[in-house]
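So the structure is just underneath, and the comments pick up after that.
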Amino acid sequence: MPDSEALAKSHPIRVLIAKPGLDGHDRGAKVVARALRDAGMEVIYAGLRQTPEEIVRAALEEDVDLIGLSILSGAHMALIPRVLTLLKKNKAASIPVFAGGIIPDEDARKLRAAGVRAIFGPGASLEQIVSTAQKLARSAA
Amino acid sequence: MKGARSLPPVARAIVGGDRRALARAITAIENGDPGAGPVLKALFSRARQVPIVGVAGPLGVGKSSLLNLLVGHLRGLGRTVAVIAVDPSSPFSGGSVLGDRIRFEGRADDPGVFFRSMASRGAAGGVAAATLEAARVLAAAGFDIILVETVGSGQVDVAIREIATTRVVVLVPHLGDEVQTLKAGLFEIADVFCVNKTDLPGADSAQRDLADLVAMFPAGSGWVPRIVGTSTTVPRGIAELWEAIQAHESFLDSSGTRRAGERHRLATEIVGLVRDRVGRELTHQLERDADLRRLLDRVVAREIDPRTAAERLRPTVRRQS
């Protein structure tokens with residue numbers, strides 16, 4: 001339908017990409033940010049060393065459709081659930097959260113159960129991440 | 001002024017400090033969502049006329065870092081601040097990486113600051129219109145000062161001219177010789193010149209060149225652009241930058257030019273809104289109306305020329321009640 005296509009074009013998906021915690025490895029987050037941009041999204045790149053409070057505040061102020069968290073420090077079980085809790089507290093649990101980084105399978109299961117909608121490990125392709133992000137943003141709209 | 005009770009619920013929420021409602025209203029403005037109309041109409045008379053400070057300059061001169069420090073300075077003075085940071089959209093994918101938030105170090109729990117990134121989205125006049133309307137909603141939400149950061153190039157230049165009450169142009173040493181400063185564009189719109197990165201060598205001569213330029217071409221309004229040196233690494237000159245901005249805001253009041261500027265901005269805004277609507281209507285009609293399609297067919301067949309066809313299209317600027 002051309003109308004919905006025109007609508008999708010005039011309303012770009014807004015996505016927040018942030019790195020919670022203290023590790024300084026942001027190459028992955030940057031590569032993903034660029035791929036999402038090339039897919040036509042508006043990527044708010046919040047960068048390194050963000051607290052869950054800062055991430056949720058940014059998500060609300062920027063009115064994003066989607067949040068992507070990149071974390072390589074191993075602190076994912078502390079930081080990602082905290083983001084989800086804060087979103088809930090701000091009545092924004094409907095904003096889908098996806099995560100990427102070094103996250104062991106067992107933790108990934110727990111995070112999914114806690115509400116993380118998708119988790120990407122080192123083997124994930126950019127196509128996979130982009131198409132999942134598009135699906136998640138559409139499902140939330 | 002009407003009481004809060006007569007406002008539509010969304011507008012009332014924004015005035016009442018609901019940041020989520022504020023953020024969503026800005027999205028609706030950006031998307032050209034019809035839902036934004038009633039909110040904007042309701043809030044217009046409530047939006048105080050606060051300083052809208054435009055900060056423009058080439059890529060990499062330190063605009064975001066400077067704004068971060070300026071916000072901190074203003075918070076220290078007890079003023080509330082909203083920031084709109086505009087970054088370009090890709091003309092190819094329509095996507096954008098909005099990275100100005102990286103430099104922003106405001107406290108996560110400070111309700112006196114609001115930061116919003118906006119993509120330019122490339123629509124003609126779109127940046128200016130959406131930014132101006134967003135600034136007005138932010139003023140209605142109670143922010144004392146609105147800072148608008150843009151990449152100083154092309155259309156966005158014009159945008160900053162049409163929305164800001166004070167325009168700050170940020171430069172750095174070694175950007176080029178004084179002939180560069182004679183080129184049209186950024187240099188013509190500055191109320192305040194900010195030479196950033198004064199910790200680098202060459203800052204003195206950059207400031208001197210600017211002073212020469214300013215002395216050579218006095219503006220018609222009677223305002224002489226201030227020149228301020230700053231550094232965000234030391235940091236240095238932030239209070240002076242705010243003083244220069246305030247001096248210009250005071251000048252607007254004492255010289256009576258604020259009213260004229262406001263009148264010009266509003267006229268531009270109204271014309272822009274009508275142009276957008278007529279443009280949309282015409283595009284729509286060209287696609288749907290059989291007569292107009294035939295007219296287009298004749299142009300394509302080279303039977304008539306585009307100007308003649310355009311003259312036959314008579315868009316009606318009528319009252320939409």
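Just so we're on the same page: first chain in the structure tokens is A, next is B, and so on; residues restart at 1 for each chain, and ligands are numbered from 1 in the order they show up.
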
Would you mind listing, for every residue of chain A within 9 Å of chain B, the two atoms forming the shortest contact and the distance between them in Å to one decimal, using only C-alpha atoms, sorted by chain and ascending residue number, as CSV?
residue,atom,partner,partner_atom,distance
A:Lys9,CA,B:Gly94,CA,8.2
A:Ser10,CA,B:Asn31,CA,6.5
A:His11,CA,B:Asn31,CA,5.7
A:Pro12,CA,B:Gly95,CA,7.4
A:Ile13,CA,B:Gly95,CA,8.8
A:Ala33,CA,B:Val97,CA,7.0
A:Arg34,CA,B:Val97,CA,7.2
A:Leu36,CA,B:Gly95,CA,7.6
A:Arg37,CA,B:Gly95,CA,4.4
A:Asp38,CA,B:Ser93,CA,5.5
A:Ala39,CA,B:Ser93,CA,6.3
A:Gly40,CA,B:Gly95,CA,3.7
A:Met41,CA,B:Gly95,CA,4.5
A:Glu42,CA,B:Ser96,CA,4.6
A:Val43,CA,B:Val97,CA,4.7
A:Ile44,CA,B:Leu98,CA,4.7
A:Tyr45,CA,B:Gly99,CA,5.0
A:Ala46,CA,B:Ile102,CA,5.0
A:Gly47,CA,B:Ile102,CA,5.5
A:Leu48,CA,B:Ile102,CA,7.8
A:Thr51,CA,B:Ala108,CA,8.6
A:Glu53,CA,B:Ala108,CA,6.0
A:Glu54,CA,B:Ala108,CA,5.0
A:Ile55,CA,B:Ala108,CA,8.6
A:Val56,CA,B:Ala108,CA,8.9
A:Arg57,CA,B:Ala108,CA,6.6
A:Ala58,CA,B:Phe115,CA,7.9
A:Leu60,CA,B:Arg20,CA,6.1
A:Glu61,CA,B:Ala23,CA,5.3
A:Glu62,CA,B:Arg116,CA,5.5
A:Asp63,CA,B:Ala23,CA,5.6

Secondary structure check, alpha helix (DSSP H) residues of segment 16-136 of chain A, as an MDAnalysis selection string: chainID A and resid 27:38 52:61 76:89 105:114 126:136

Residues as selected, C-alpha atoms, written as a PDB file, in the first residue's frame, can you do that?
ATOM      1  CA  ARG A  27      33.188  -0.047  18.028  1.00  0.00           C
ATOM      2  CA  GLY A  28      30.304  -2.525  17.912  1.00  0.00           C
ATOM      3  CA  ALA A  29      27.800   0.111  18.995  1.00  0.00           C
ATOM      4  CA  LYS A  30      29.104   2.510  16.335  1.00  0.00           C
ATOM      5  CA  VAL A  31      28.940  -0.095  13.576  1.00  0.00           C
ATOM      6  CA  VAL A  32      25.357  -0.928  14.553  1.00  0.00           C
ATOM      7  CA  ALA A  33      24.455   2.788  14.753  1.00  0.00           C
ATOM      8  CA  ARG A  34      25.733   3.313  11.252  1.00  0.00           C
ATOM      9  CA  ALA A  35      23.903   0.265   9.873  1.00  0.00           C
ATOM     10  CA  LEU A  36      20.647   1.490  11.408  1.00  0.00           C
ATOM     11  CA  ARG A  37      21.246   4.939   9.923  1.00  0.00           C
ATOM     12  CA  ASP A  38      21.807   3.387   6.500  1.00  0.00           C
ATOM     13  CA  PRO A  52      20.683   3.282  33.420  1.00  0.00           C
ATOM     14  CA  GLU A  53      19.146   6.533  34.695  1.00  0.00           C
ATOM     15  CA  GLU A  54      20.776   8.545  31.893  1.00  0.00           C
ATOM     16  CA  ILE A  55      19.716   5.984  29.298  1.00  0.00           C
ATOM     17  CA  VAL A  56      16.075   6.009  30.351  1.00  0.00           C
ATOM     18  CA  ARG A  57      16.012   9.774  30.558  1.00  0.00           C
ATOM     19  CA  ALA A  58      17.469  10.025  27.059  1.00  0.00           C
ATOM     20  CA  ALA A  59      14.935   7.503  25.748  1.00  0.00           C
ATOM     21  CA  LEU A  60      12.049   9.535  27.161  1.00  0.00           C
ATOM     22  CA  GLU A  61      13.309  12.970  26.093  1.00  0.00           C
ATOM     23  CA  HIS A  76      24.843  -6.913  31.873  1.00  0.00           C
ATOM     24  CA  MET A  77      22.902  -8.729  34.612  1.00  0.00           C
ATOM     25  CA  ALA A  78      23.125  -5.645  36.818  1.00  0.00           C
ATOM     26  CA  LEU A  79      22.632  -2.884  34.257  1.00  0.00           C
ATOM     27  CA  ILE A  80      20.121  -4.163  31.703  1.00  0.00           C
ATOM     28  CA  PRO A  81      17.406  -5.207  34.204  1.00  0.00           C
ATOM     29  CA  ARG A  82      17.873  -1.813  35.867  1.00  0.00           C
ATOM     30  CA  VAL A  83      17.052  -0.094  32.538  1.00  0.00           C
ATOM     31  CA  LEU A  84      13.929  -2.256  32.212  1.00  0.00           C
ATOM     32  CA  THR A  85      12.857  -1.444  35.777  1.00  0.00           C
ATOM     33  CA  LEU A  86      13.318   2.291  35.228  1.00  0.00           C
ATOM     34  CA  LEU A  87      11.351   2.144  31.980  1.00  0.00           C
ATOM     35  CA  LYS A  88       8.526   0.417  33.829  1.00  0.00           C
ATOM     36  CA  LYS A  89       8.686   2.999  36.595  1.00  0.00           C
ATOM     37  CA  ASP A 105      23.419 -18.077  26.823  1.00  0.00           C
ATOM     38  CA  GLU A 106      22.143 -18.597  30.315  1.00  0.00           C
ATOM     39  CA  ASP A 107      22.153 -14.850  31.060  1.00  0.00           C
ATOM     40  CA  ALA A 108      20.545 -14.202  27.672  1.00  0.00           C
ATOM     41  CA  ARG A 109      17.689 -16.503  28.636  1.00  0.00           C
ATOM     42  CA  LYS A 110      17.209 -14.651  31.907  1.00  0.00           C
ATOM     43  CA  LEU A 111      17.332 -11.254  30.213  1.00  0.00           C
ATOM     44  CA  ARG A 112      14.772 -12.351  27.628  1.00  0.00           C
ATOM     45  CA  ALA A 113      12.541 -13.554  30.433  1.00  0.00           C
ATOM     46  CA  ALA A 114      12.970 -10.161  32.103  1.00  0.00           C
ATOM     47  CA  LEU A 126      24.125  -6.454  10.586  1.00  0.00           C
ATOM     48  CA  GLU A 127      21.233  -7.545   8.349  1.00  0.00           C
ATOM     49  CA  GLN A 128      19.879  -9.594  11.227  1.00  0.00           C
ATOM     50  CA  ILE A 129      20.182  -6.688  13.677  1.00  0.00           C
ATOM     51  CA  VAL A 130      18.599  -4.174  11.279  1.00  0.00           C
ATOM     52  CA  SER A 131      15.645  -6.379  10.371  1.00  0.00           C
ATOM     53  CA  THR A 132      15.011  -7.253  14.023  1.00  0.00           C
ATOM     54  CA  ALA A 133      15.180  -3.578  14.987  1.00  0.00           C
ATOM     55  CA  GLN A 134      12.670  -2.698  12.255  1.00  0.00           C
ATOM     56  CA  LYS A 135      10.323  -5.462  13.400  1.00  0.00           C
ATOM     57  CA  LEU A 136      10.565  -4.421  17.056  1.00  0.00           C
TER      58      LEU A 136
END

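When atom CA of Gly54 of chain B is paired with atom CA of Val169 of chain B, their separation reads 8.2 Å.
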
Residue list (strand (DSSP E), DSSP) for segment 9-193 of chain B, as a VMD selection string: chain B and resid 52 to 56 81 to 87 96 to 98 113 to 119 145 to 149 166 to 171 192 to 193

Requested write-out: C-alpha atoms of the selected residues, as a CSV table (one decimal), in the first residue's frame:
chain,number,residue,atom,x,y,z
B,52,ILE,CA,16.2,31.4,21.7
B,53,VAL,CA,19.9,31.2,21.2
B,54,GLY,CA,21.0,29.6,17.9
B,55,VAL,CA,24.5,28.2,17.9
B,56,ALA,CA,25.9,27.5,14.5
B,81,VAL,CA,17.4,25.3,29.8
B,82,ALA,CA,16.2,23.3,26.9
B,83,VAL,CA,18.5,22.2,24.1
B,84,ILE,CA,17.5,21.3,20.6
B,85,ALA,CA,20.4,19.8,18.7
B,86,VAL,CA,20.0,19.5,14.9
B,87,ASP,CA,22.1,17.1,12.9
B,96,SER,CA,20.7,10.0,10.7
B,97,VAL,CA,23.2,9.6,13.5
B,98,LEU,CA,22.4,12.2,16.2
B,113,VAL,CA,17.2,20.6,31.6
B,114,PHE,CA,15.7,19.1,28.6
B,115,PHE,CA,17.8,17.8,25.7
B,116,ARG,CA,16.3,16.8,22.3
B,117,SER,CA,18.1,15.7,19.2
B,118,MET,CA,16.5,16.5,15.8
B,119,ALA,CA,17.4,15.3,12.3
B,145,ILE,CA,16.3,29.7,27.7
B,146,ILE,CA,16.2,27.6,24.6
B,147,LEU,CA,19.5,26.7,22.9
B,148,VAL,CA,19.4,25.4,19.3
B,149,GLU,CA,22.5,23.8,17.9
B,166,THR,CA,20.5,35.7,19.3
B,167,ARG,CA,22.7,33.9,16.8
B,168,VAL,CA,26.1,32.7,18.0
B,169,VAL,CA,28.6,31.6,15.4
B,170,VAL,CA,31.4,29.3,16.7
B,171,LEU,CA,34.7,29.3,15.0
B,192,VAL,CA,28.1,36.9,18.8
B,193,PHE,CA,31.2,35.4,17.4

Ala211 of chain B environment, 12 Å, only C-alpha atoms, sequence neighbours closer than 2 positions dropped, as a list in words: Glu178, Thr181, Val192, Phe193, Cys194, Val195, Asp204, Ser205, Ala206, Gln207, Arg208, Asp209, Leu213, Val214, Ala215, Met216, Phe217, Pro218, Val224, Pro225, Arg226, Ile227, Val228 and Gly229 of chain B
